[in-house]
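To be precise, the following lines are final37.tsv, and they hold TSV, C-alpha atoms.
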chain	number	residue	atom	x	y	z
A	1	MET	CA	37.20	-10.20	50.72
A	2	GLY	CA	35.59	-12.34	48.02
A	3	ARG	CA	32.71	-9.85	47.56
A	4	ALA	CA	35.17	-6.96	47.19
A	5	VAL	CA	37.00	-8.82	44.43
A	6	ILE	CA	33.71	-9.58	42.70
A	7	ASP	CA	32.59	-5.94	42.93
A	8	MET	CA	35.95	-4.77	41.55
A	9	THR	CA	35.68	-7.25	38.68
A	10	LYS	CA	32.18	-5.98	37.88
A	11	ARG	CA	33.38	-2.37	37.89
A	12	GLN	CA	36.28	-3.25	35.61
A	13	GLY	CA	33.94	-5.11	33.29
A	14	PHE	CA	31.54	-2.17	33.21
A	15	ARG	CA	34.37	0.25	32.46
A	16	GLY	CA	35.58	-2.05	29.69
A	17	VAL	CA	32.14	-2.16	28.09
A	18	LEU	CA	31.75	1.62	28.47
A	19	PHE	CA	35.16	2.17	26.88
A	20	PHE	CA	34.22	0.18	23.78
A	21	VAL	CA	30.81	1.87	23.52
A	22	VAL	CA	32.42	5.33	23.62
A	23	LEU	CA	35.13	4.22	21.21
A	24	GLY	CA	32.48	2.89	18.84
A	25	ILE	CA	30.58	6.19	18.93
A	26	ILE	CA	33.76	8.16	18.23
A	27	LEU	CA	34.86	5.87	15.40
A	28	SER	CA	31.42	5.85	13.79
A	29	ASN	CA	31.41	9.65	13.67
A	30	VAL	CA	34.97	9.83	12.37
A	31	ILE	CA	34.09	7.32	9.65
A	32	ARG	CA	30.92	9.26	8.81
A	33	ILE	CA	32.81	12.55	8.51
A	34	PHE	CA	35.72	11.20	6.45
A	35	GLY	CA	33.86	8.42	4.70
A	36	ILE	CA	31.06	10.27	2.92
A	37	PRO	CA	30.72	10.07	-0.87
A	38	LEU	CA	32.23	12.69	-3.13
A	39	GLU	CA	30.60	16.12	-3.06
A	40	ARG	CA	28.91	15.66	-6.45
A	41	ASP	CA	27.03	12.69	-5.00
A	42	THR	CA	25.79	14.49	-1.90
A	43	TRP	CA	22.13	14.14	-2.88
A	44	ASN	CA	22.50	10.34	-2.87
A	45	MET	CA	23.75	10.42	0.73
A	46	THR	CA	20.95	12.85	1.59
A	47	ARG	CA	18.32	10.43	0.31
A	48	PHE	CA	19.58	7.71	2.65
A	49	ASN	CA	19.97	10.05	5.62
A	50	GLU	CA	16.28	10.85	5.48
A	51	PHE	CA	15.32	7.22	4.92
A	52	TYR	CA	16.99	6.21	8.18
A	53	GLU	CA	15.06	8.93	10.05
A	54	GLU	CA	11.65	8.04	8.62
A	55	PRO	CA	9.09	6.79	11.18
A	56	GLU	CA	8.77	3.01	11.03
A	57	ASN	CA	6.05	1.39	8.93
A	58	THR	CA	4.77	4.61	7.37
A	59	TRP	CA	5.51	3.81	3.71
A	60	ASP	CA	3.07	2.16	1.33
A	61	CYS	CA	5.66	1.50	-1.32
A	62	VAL	CA	9.25	2.22	-2.35
A	63	ILE	CA	10.47	3.15	-5.83
A	64	ILE	CA	13.99	2.06	-6.76
A	65	GLY	CA	16.10	2.73	-9.82
A	66	THR	CA	18.40	5.06	-11.71
A	67	SER	CA	18.52	8.83	-12.02
A	68	CYS	CA	15.62	8.63	-14.49
A	69	VAL	CA	13.41	7.68	-11.53
A	70	ASP	CA	15.30	9.99	-9.19
A	71	ARG	CA	14.37	12.97	-11.39
A	72	GLY	CA	10.90	11.75	-12.30
A	73	TRP	CA	9.09	10.71	-9.12
A	74	ALA	CA	7.82	13.46	-6.80
A	75	PRO	CA	6.53	11.74	-3.62
A	76	PRO	CA	4.81	14.81	-2.08
A	77	LEU	CA	2.70	15.30	-5.19
A	78	ALA	CA	1.44	11.70	-5.06
A	79	TRP	CA	0.77	12.20	-1.35
A	80	ASN	CA	-1.27	15.35	-1.87
A	81	GLU	CA	-3.44	13.82	-4.58
A	82	TYR	CA	-4.03	10.34	-3.15
A	83	GLY	CA	-2.70	10.20	0.40
A	84	MET	CA	-0.14	7.52	-0.54
A	85	THR	CA	3.41	7.37	0.79
A	86	VAL	CA	5.78	6.18	-1.94
A	87	TYR	CA	9.36	7.09	-1.05
A	88	ASN	CA	12.07	7.56	-3.66
A	89	MET	CA	15.23	5.46	-3.09
A	90	ALA	CA	16.69	5.91	-6.59
A	91	THR	CA	20.29	6.99	-7.16
A	92	GLY	CA	22.35	7.97	-10.20
A	93	ALA	CA	23.06	4.96	-12.48
A	94	GLN	CA	21.99	2.66	-9.63
A	95	PRO	CA	23.25	-0.89	-10.21
A	96	ILE	CA	20.26	-3.19	-10.56
A	97	ILE	CA	22.27	-5.92	-8.85
A	98	LEU	CA	21.80	-3.93	-5.62
A	99	VAL	CA	18.00	-3.86	-5.83
A	100	THR	CA	17.26	-6.90	-3.65
A	101	GLY	CA	19.71	-5.73	-0.96
A	102	LEU	CA	18.15	-2.27	-1.00
A	103	LEU	CA	14.71	-3.80	-0.63
A	104	GLU	CA	15.98	-5.82	2.30
A	105	GLU	CA	17.35	-2.64	3.91
A	106	VAL	CA	14.07	-0.78	3.41
A	107	ARG	CA	12.00	-3.62	4.81
A	108	LYS	CA	13.92	-3.61	8.08
A	109	THR	CA	11.87	-0.56	9.06
A	110	GLN	CA	9.14	-0.18	6.43
A	111	ASP	CA	6.49	-2.84	5.93
A	112	VAL	CA	6.03	-2.14	2.22
A	113	GLN	CA	3.97	-4.60	0.22
A	114	LEU	CA	4.92	-3.21	-3.20
A	115	ALA	CA	8.22	-2.20	-4.77
A	116	ILE	CA	8.51	-0.30	-8.05
A	117	VAL	CA	11.72	-1.18	-9.91
A	118	ASP	CA	13.15	0.75	-12.84
A	119	VAL	CA	14.35	-1.64	-15.59
A	120	ARG	CA	16.94	0.69	-17.09
A	121	GLY	CA	19.64	-0.82	-14.90
A	122	ALA	CA	19.19	-4.17	-16.68
A	123	ARG	CA	20.61	-2.79	-19.92
A	124	LEU	CA	23.92	-4.45	-20.70
A	125	GLU	CA	25.79	-1.15	-20.60
A	126	ASP	CA	24.43	-0.46	-17.12
A	127	LEU	CA	25.53	-3.85	-15.80
A	128	HIS	CA	29.10	-2.57	-16.14
A	129	LEU	CA	29.83	-1.30	-12.64
A	130	PRO	CA	32.19	1.63	-12.15
A	131	GLU	CA	32.99	1.97	-8.47
A	132	ALA	CA	31.23	5.33	-8.09
A	133	ARG	CA	27.87	3.79	-9.00
A	134	ILE	CA	28.22	1.20	-6.24
A	135	ARG	CA	29.39	3.74	-3.66
A	136	ARG	CA	26.41	6.01	-4.21
A	137	VAL	CA	24.40	3.29	-2.49
A	138	THR	CA	26.72	1.35	-0.20
A	139	ASP	CA	28.69	4.32	1.18
A	140	ALA	CA	25.40	5.94	2.16
A	141	MET	CA	24.13	2.91	4.06
A	142	LYS	CA	24.56	2.10	7.71
A	143	TYR	CA	26.98	-0.67	8.58
A	144	SER	CA	25.11	-3.97	8.82
A	145	VAL	CA	25.28	-7.59	7.75
A	146	ASN	CA	22.97	-6.71	4.87
A	147	ARG	CA	25.29	-3.94	3.63
A	148	GLN	CA	28.32	-6.23	3.72
A	149	LYS	CA	26.36	-8.93	1.91
A	150	MET	CA	25.34	-6.44	-0.80
A	151	ILE	CA	28.97	-5.48	-1.35
A	152	LYS	CA	30.05	-9.11	-1.62
A	153	ASN	CA	27.25	-9.80	-4.11
A	154	VAL	CA	28.18	-6.86	-6.31
A	155	LEU	CA	31.87	-7.77	-6.23
A	156	ASP	CA	31.08	-11.37	-7.20
A	157	PHE	CA	28.75	-10.16	-9.94
A	158	SER	CA	31.31	-7.75	-11.37
A	159	LYS	CA	33.95	-10.49	-11.59
A	160	ASP	CA	31.46	-12.84	-13.25
A	161	PHE	CA	30.27	-10.17	-15.69
A	162	TYR	CA	33.65	-9.69	-17.33
A	163	THR	CA	34.37	-13.40	-17.61
A	164	ARG	CA	31.14	-14.18	-19.49
A	165	GLU	CA	31.81	-15.06	-23.11
A	166	GLU	CA	28.43	-13.65	-24.09
A	167	VAL	CA	29.49	-10.30	-22.64
A	168	ARG	CA	32.98	-10.29	-24.17
A	169	ASN	CA	31.48	-10.88	-27.60
A	170	VAL	CA	29.31	-7.77	-27.52
A	171	ARG	CA	30.83	-4.79	-29.27
A	172	GLY	CA	30.89	-1.54	-27.31
A	173	VAL	CA	30.79	-3.08	-23.84
A	174	GLU	CA	33.57	-1.69	-21.68
A	175	LYS	CA	36.15	-4.27	-20.76
A	176	THR	CA	37.76	-2.15	-18.04
A	177	GLY	CA	36.67	-1.47	-14.50
A	178	THR	CA	37.08	-4.97	-13.10
A	179	GLU	CA	39.56	-3.82	-10.46
A	180	LEU	CA	37.34	-2.57	-7.68
A	181	ASP	CA	38.86	-1.41	-4.40
A	182	GLU	CA	37.28	-4.17	-2.36
A	183	ALA	CA	38.62	-3.18	1.06
A	184	SER	CA	37.42	0.41	0.84
A	185	LEU	CA	34.01	-0.67	-0.41
A	186	TYR	CA	33.60	-2.51	2.86
A	187	PHE	CA	35.29	0.30	4.83
A	188	PRO	CA	34.92	3.68	3.01
A	189	PHE	CA	37.19	5.35	5.56
A	190	LEU	CA	40.14	3.74	3.76
A	191	LYS	CA	39.28	5.70	0.61
A	192	TYR	CA	38.25	9.04	2.07
A	193	HIS	CA	40.39	9.38	5.21
A	194	SER	CA	42.79	11.78	3.47
A	195	ARG	CA	40.04	14.34	2.89
A	196	TRP	CA	41.27	16.26	5.94
A	197	GLU	CA	44.22	17.38	3.79
A	198	THR	CA	41.96	18.96	1.17
A	199	GLY	CA	39.64	20.54	3.71
A	200	LEU	CA	36.26	19.85	5.26
A	201	ASP	CA	33.25	22.14	5.47
A	202	GLN	CA	30.10	22.39	7.54
A	203	THR	CA	28.27	19.74	5.52
A	204	ASP	CA	30.81	17.16	6.67
A	205	PHE	CA	29.78	17.61	10.30
A	206	VAL	CA	26.03	18.19	9.88
A	207	LYS	CA	23.97	15.31	8.53
A	208	GLN	CA	22.42	16.40	5.24
A	209	VAL	CA	18.75	15.57	4.68
A	210	THR	CA	16.13	16.38	2.07
A	211	ASP	CA	12.85	17.71	3.40
A	212	THR	CA	10.75	16.89	0.33
A	213	LYS	CA	10.66	13.09	0.72
A	214	GLY	CA	13.06	12.42	-2.14
A	215	VAL	CA	12.28	15.10	-4.75
A	216	PHE	CA	15.33	16.01	-6.83
A	217	ASP	CA	15.58	19.56	-5.50
A	218	PHE	CA	19.34	20.06	-5.24
A	219	ASP	CA	20.08	22.29	-8.22
A	220	GLU	CA	18.51	24.28	-11.02
A	221	ARG	CA	18.56	21.47	-13.61
A	222	ALA	CA	15.01	20.60	-12.56
A	223	PHE	CA	13.93	23.81	-14.30
A	224	HIS	CA	15.98	23.59	-17.48
A	225	VAL	CA	14.29	22.76	-20.77
A	226	LYS	CA	15.84	20.86	-23.67
A	227	ALA	CA	13.52	20.74	-26.66
A	228	MET	CA	13.59	17.42	-28.54
A	229	GLU	CA	11.58	15.61	-31.17
A	230	LYS	CA	9.52	12.64	-30.04
A	231	PRO	CA	11.78	9.57	-30.22
A	232	GLU	CA	11.51	6.58	-32.51
A	233	LEU	CA	10.31	3.62	-30.41
A	234	TYR	CA	11.34	0.61	-32.58
A	235	ALA	CA	8.50	-1.36	-31.01
A	236	ASP	CA	8.59	-4.10	-33.67
A	237	VAL	CA	12.31	-4.85	-33.35
A	238	THR	CA	13.03	-7.83	-31.09
A	239	GLU	CA	16.34	-9.22	-29.88
A	240	GLU	CA	17.19	-11.88	-27.32
A	241	LEU	CA	18.46	-10.72	-23.96
A	242	LEU	CA	21.75	-12.15	-22.71
A	243	ASP	CA	21.52	-14.83	-20.05
A	244	ILE	CA	23.14	-12.52	-17.48
A	245	GLN	CA	20.40	-9.94	-18.01
A	246	LYS	CA	17.70	-12.56	-17.56
A	247	GLU	CA	19.37	-13.81	-14.39
A	248	VAL	CA	19.43	-10.33	-12.86
A	249	LEU	CA	15.73	-9.82	-13.56
A	250	ASP	CA	14.87	-13.34	-12.37
A	251	ASP	CA	16.69	-12.72	-9.08
A	252	ILE	CA	14.42	-9.75	-8.37
A	253	LEU	CA	11.32	-11.75	-9.28
A	254	GLU	CA	12.44	-14.61	-7.03
A	255	TYR	CA	13.08	-12.22	-4.16
A	256	GLY	CA	9.54	-10.92	-4.50
A	257	GLU	CA	8.11	-14.43	-4.52
A	258	ASP	CA	10.22	-15.61	-1.59
A	259	THR	CA	9.38	-12.60	0.59
A	260	ASP	CA	5.76	-12.07	-0.51
A	261	LEU	CA	6.56	-8.66	-2.00
A	262	GLU	CA	4.77	-7.46	-5.12
A	263	ILE	CA	7.07	-6.06	-7.79
A	264	LEU	CA	6.01	-3.54	-10.43
A	265	PHE	CA	8.64	-2.97	-13.13
A	266	ILE	CA	8.61	0.32	-14.98
A	267	SER	CA	10.46	1.81	-17.93
A	268	THR	CA	10.65	5.56	-17.42
A	269	PRO	CA	10.28	7.95	-20.36
A	270	VAL	CA	13.63	8.70	-22.05
A	271	PHE	CA	14.86	9.90	-25.42
A	272	GLY	CA	16.86	6.75	-26.12
A	273	LYS	CA	19.13	5.96	-29.02
A	274	LYS	CA	18.04	3.09	-31.27
A	275	LYS	CA	20.19	0.50	-29.49
A	276	GLU	CA	19.06	1.35	-25.98
A	277	GLN	CA	15.40	1.78	-26.95
A	278	ILE	CA	15.37	-1.68	-28.53
A	279	GLU	CA	17.07	-3.16	-25.48
A	280	LEU	CA	14.53	-1.58	-23.12
A	281	ASN	CA	11.70	-2.92	-25.27
A	282	ASN	CA	13.16	-6.41	-25.08
A	283	ILE	CA	13.55	-6.21	-21.30
A	284	ILE	CA	9.89	-5.24	-21.04
A	285	GLN	CA	8.90	-8.07	-23.38
A	286	TYR	CA	10.86	-10.61	-21.32
A	287	LEU	CA	9.15	-9.49	-18.11
A	288	GLU	CA	5.71	-9.55	-19.72
A	289	GLU	CA	6.37	-13.11	-20.88
A	290	LYS	CA	7.24	-13.99	-17.27
A	291	GLY	CA	3.78	-12.76	-16.30
A	292	THR	CA	4.90	-9.98	-13.99
A	293	ALA	CA	3.43	-6.46	-13.73
A	294	VAL	CA	5.12	-4.01	-16.11
A	295	LEU	CA	4.43	-0.39	-16.99
A	296	ASN	CA	6.23	0.93	-20.08
A	297	PHE	CA	6.17	4.71	-20.40
A	298	ASN	CA	7.97	4.63	-23.75
A	299	THR	CA	4.95	4.00	-25.92
A	300	GLU	CA	2.77	6.27	-28.03
A	301	GLU	CA	-0.16	5.39	-25.78
A	302	LYS	CA	1.65	6.43	-22.59
A	303	TYR	CA	2.98	9.64	-24.15
A	304	LYS	CA	-0.62	10.59	-24.88
A	305	GLU	CA	-2.03	9.48	-21.52
A	306	THR	CA	0.64	11.29	-19.48
A	307	GLY	CA	0.54	14.39	-21.70
A	308	LEU	CA	4.33	14.23	-21.99
A	309	ASP	CA	5.80	16.82	-24.36
A	310	PHE	CA	9.38	16.26	-25.51
A	311	SER	CA	9.73	19.93	-26.40
A	312	THR	CA	9.07	21.16	-22.85
A	313	ASP	CA	9.28	18.36	-20.27
A	314	PHE	CA	12.95	17.26	-20.27
A	315	TYR	CA	16.20	18.90	-19.21
A	316	ASN	CA	18.27	16.41	-21.22
A	317	LYS	CA	17.47	13.32	-23.26
A	318	TYR	CA	17.34	11.01	-20.23
A	319	HIS	CA	15.86	13.17	-17.48
A	320	LEU	CA	12.52	14.83	-16.92
A	321	ASN	CA	12.51	18.38	-15.62
A	322	ALA	CA	10.17	19.40	-12.80
A	323	ARG	CA	7.29	19.92	-15.23
A	324	GLY	CA	7.73	16.49	-16.79
A	325	ALA	CA	8.17	14.93	-13.35
A	326	ALA	CA	4.78	16.30	-12.26
A	327	LYS	CA	3.12	14.69	-15.30
A	328	PHE	CA	4.90	11.38	-14.77
A	329	THR	CA	4.10	11.37	-11.04
A	330	ARG	CA	0.42	12.19	-11.51
A	331	TYR	CA	-0.02	9.37	-14.00
A	332	LEU	CA	1.91	6.75	-12.03
A	333	ALA	CA	0.21	7.76	-8.76
A	334	GLY	CA	-3.19	7.45	-10.44
A	335	TYR	CA	-2.23	4.00	-11.72
A	336	LEU	CA	-1.15	2.91	-8.24
A	337	ASN	CA	-4.35	4.28	-6.74
A	338	GLU	CA	-6.47	2.28	-9.18
A	339	ASN	CA	-4.51	-0.98	-9.05
A	340	TYR	CA	-3.25	-1.26	-5.46
A	341	ASP	CA	-4.98	-0.95	-2.11
A	342	PHE	CA	-3.23	2.03	-0.49
A	343	GLU	CA	-5.10	3.67	2.37
A	344	ASP	CA	-5.64	7.42	2.02
A	345	LYS	CA	-3.79	8.79	5.06
A	346	ARG	CA	-4.31	12.50	4.47
A	347	GLY	CA	-5.42	14.40	7.55
A	348	ARG	CA	-3.75	12.04	10.03
A	349	GLU	CA	-1.43	13.77	12.48
A	350	GLU	CA	1.27	11.11	12.28
A	351	TYR	CA	1.68	11.95	8.57
A	352	ARG	CA	1.95	15.68	9.07
A	353	ASP	CA	5.53	15.59	7.77
A	354	TRP	CA	4.17	14.56	4.35
A	355	ASP	CA	1.89	17.61	4.34
A	356	GLU	CA	4.90	19.76	5.17
A	357	ALA	CA	6.93	18.09	2.42
A	358	TYR	CA	4.18	18.95	-0.06
A	359	GLU	CA	4.17	22.59	1.04
A	360	ARG	CA	7.93	22.75	0.47
A	361	TYR	CA	7.57	20.98	-2.87
A	362	VAL	CA	4.99	23.53	-4.09
A	363	LYS	CA	7.28	26.39	-3.09
A	364	PHE	CA	10.26	24.72	-4.79
A	365	TYR	CA	8.23	24.11	-7.97
A	366	GLU	CA	6.64	27.56	-8.23
A	367	GLU	CA	9.77	29.53	-7.40
A	368	GLY	CA	11.88	27.39	-9.71
A	369	TRP	CA	9.77	28.06	-12.77
A	370	LYS	CA	9.68	31.78	-12.03
Once more with this new file: its structure as structure tokens, please.
Amino acid sequence: MGRAVIDMTKRQGFRGVLFFVVLGIILSNVIRIFGIPLERDTWNMTRFNEFYEEPENTWDCVIIGTSCVDRGWAPPLAWNEYGMTVYNMATGAQPIILVTGLLEEVRKTQDVQLAIVDVRGARLEDLHLPEARIRRVTDAMKYSVNRQKMIKNVLDFSKDFYTREEVRNVRGVEKTGTELDEASLYFPFLKYHSRWETGLDQTDFVKQVTDTKGVFDFDERAFHVKAMEKPELYADVTEELLDIQKEVLDDILEYGEDTDLEILFISTPVFGKKKEQIELNNIIQYLEEKGTAVLNFNTEEKYKETGLDFSTDFYNKYHLNARGAAKFTRYLAGYLNENYDFEDKRGREEYRDWDEAYERYVKFYEEGWK
């Protein structure tokens, strides 16, 4: 009699566990379908979808930053020339306050020893955090303690940002945007659940991935050309960074030191206005004074070394087109090859997907310019 009761209890317990497992699978798919970012940000979700499917410990390095990096770095090209695997985890106007959390997420599955971080996000204007910029990252991530921690950090930072006297005293800094929808940042389903009323399509039910390892290959802008004059660099103009900007940069440096991760900061080539060009210069100067590795592409020397042409290599003043991206990638990949010890993995079967990504990249590039 006692054994029968025990067996029945075990069966009930098993059924209970099975029920919650099935319920979890159903809810996770419902949340994924109704909780995806807005359609215009699909490529950001796509970037993360592929990241989560990448074989473990196959990356040499990760590059993180704003859309300037997103448009500029072509991983398959670097792979083909040097056999290095440097994946692109940049997103549009990516908040630099999310960098350490993103690195933590990457390093769960990829044993990278170097991270390349775009400094554009440290500009004061980019420390203002509209909700869409946050969601491009956090909505695309899997649920985890790290994701929830990232959201809490960005919410705390946003509240602190607008209470800083040094920020309030700067002309031109937006004073709005402090009211973030905290609950739906943690649970995107609360924001997007009503999408069933406006209609779903096939992309909502099929996980979208990029098959070029992070190349910006989602629309024809990569093949547009906007002719511009070479920008004024204002290299001799110096201004002090705000304390909040220094703190953000110091946090990334401290993360690298605490986790034994090398950090290379870069300033991607842009046609910046006087104010933003000076600010980028001062960010670079601050990092150089801290003794960290920095690569500034907005110098006369780098324009010459990369062969960058402002009349042919941009599709707008901030973003390289596919031609400019190839020049930028070749130079940066060559720099990495000379200064870091990345094993050449070309010809190894387990990296065949990188060969295939390069083949698709070549087709995308050649057909696009036709």
Near-Val99 of chain A list (10 Å; all atoms listed in the file; drop same-chain fewer than 5 positions) as a PyMOL selection string
chain A and resi 64-65+90+94+104-105+115+117-118+121+150+248+251-252+255
Judged by all atoms listed in the file, the minimum distance to Asp219 of chain A among A:Arg123, A:Arg71, A:Arg107, A:Lys327 is found for A:Arg71
Pick from A:Gly92, A:Glu338, A:Val270, A:Asp156 nearest to Asn321 of chain A, counting all atoms listed in the file
A:Val270
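From atom CA of Pro76 of chain A back to atom CA of Glu367 of chain A, the distance works out to 16.4 Å.
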Need the shell around Ile63 of chain A: protein/DNA/RNA residues with any atom at most 12 Å away, counting only C-alpha atoms. Skip same-chain ones fewer than 4 positions apart. Format as a PyMOL selection string?
chain A and resi 59+67-75+85-91+99+102-103+106+112-119+213-214+263-266+268+329+332-333+336
Could you give me, as a PyMOL selection string, the residues within 10 Å of Asp217 of chain A, counting all atoms listed in the file and dropping anything in the same chain fewer than 4 positions from it?
chain A and resi 43+71+74+210-212+221-223+322+361+364-365+368
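Within the 7 Å cut-off around Phe297 of chain A, using all atoms listed in the file and omitting residues fewer than 6 positions from it on the same chain, the listed residues are Ser267, Thr268, Pro269 and Tyr303 of chain A.
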Keeping only C-alpha atoms, take the residues you just selected and write them out as an mmCIF file, in the coordinates of the input.
data_model
loop_
_atom_site.group_PDB
_atom_site.id
_atom_site.type_symbol
_atom_site.label_atom_id
_atom_site.label_comp_id
_atom_site.auth_asym_id
_atom_site.auth_seq_id
_atom_site.Cartn_x
_atom_site.Cartn_y
_atom_site.Cartn_z
ATOM 1 C CA SER A 267 10.460 1.810 -17.930
ATOM 2 C CA THR A 268 10.650 5.560 -17.420
ATOM 3 C CA PRO A 269 10.280 7.950 -20.360
ATOM 4 C CA TYR A 303 2.980 9.640 -24.150
#
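Comparing the minimum interatomic distances between Glu257 of chain A and each of A:Asn49, A:Thr100, A:Gln148, A:Asn296, counting only C-alpha atoms, we find that A:Thr100 sits nearest.
For the pair atom CA of Asp126 of chain A and atom CA of Glu276 of chain A, the separation is 10.5 Å.
As for atom CA of Ala293 of chain A and atom CA of Gln110 of chain A, they are spaced 21.9 Å apart.
Remark: for Pro95 of chain A, the closest of the candidate residues A:Asp111, A:Glu125, A:Asp344, A:Glu182 is A:Glu125 (distances computed over all atoms listed in the file).
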As a PyMOL selection string, please: the residues near Leu124 of chain A (cut-off 9 Å, all atoms listed in the file, same-chain neighbours under 6 positions excluded).
chain A and resi 167+173+241-242+244-245+279
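When all atoms listed in the file are used to measure the gap to Asp60 of chain A, the shortest distance among A:Trp369, A:Tyr340, A:Tyr186, A:Phe314 belongs to A:Tyr340.
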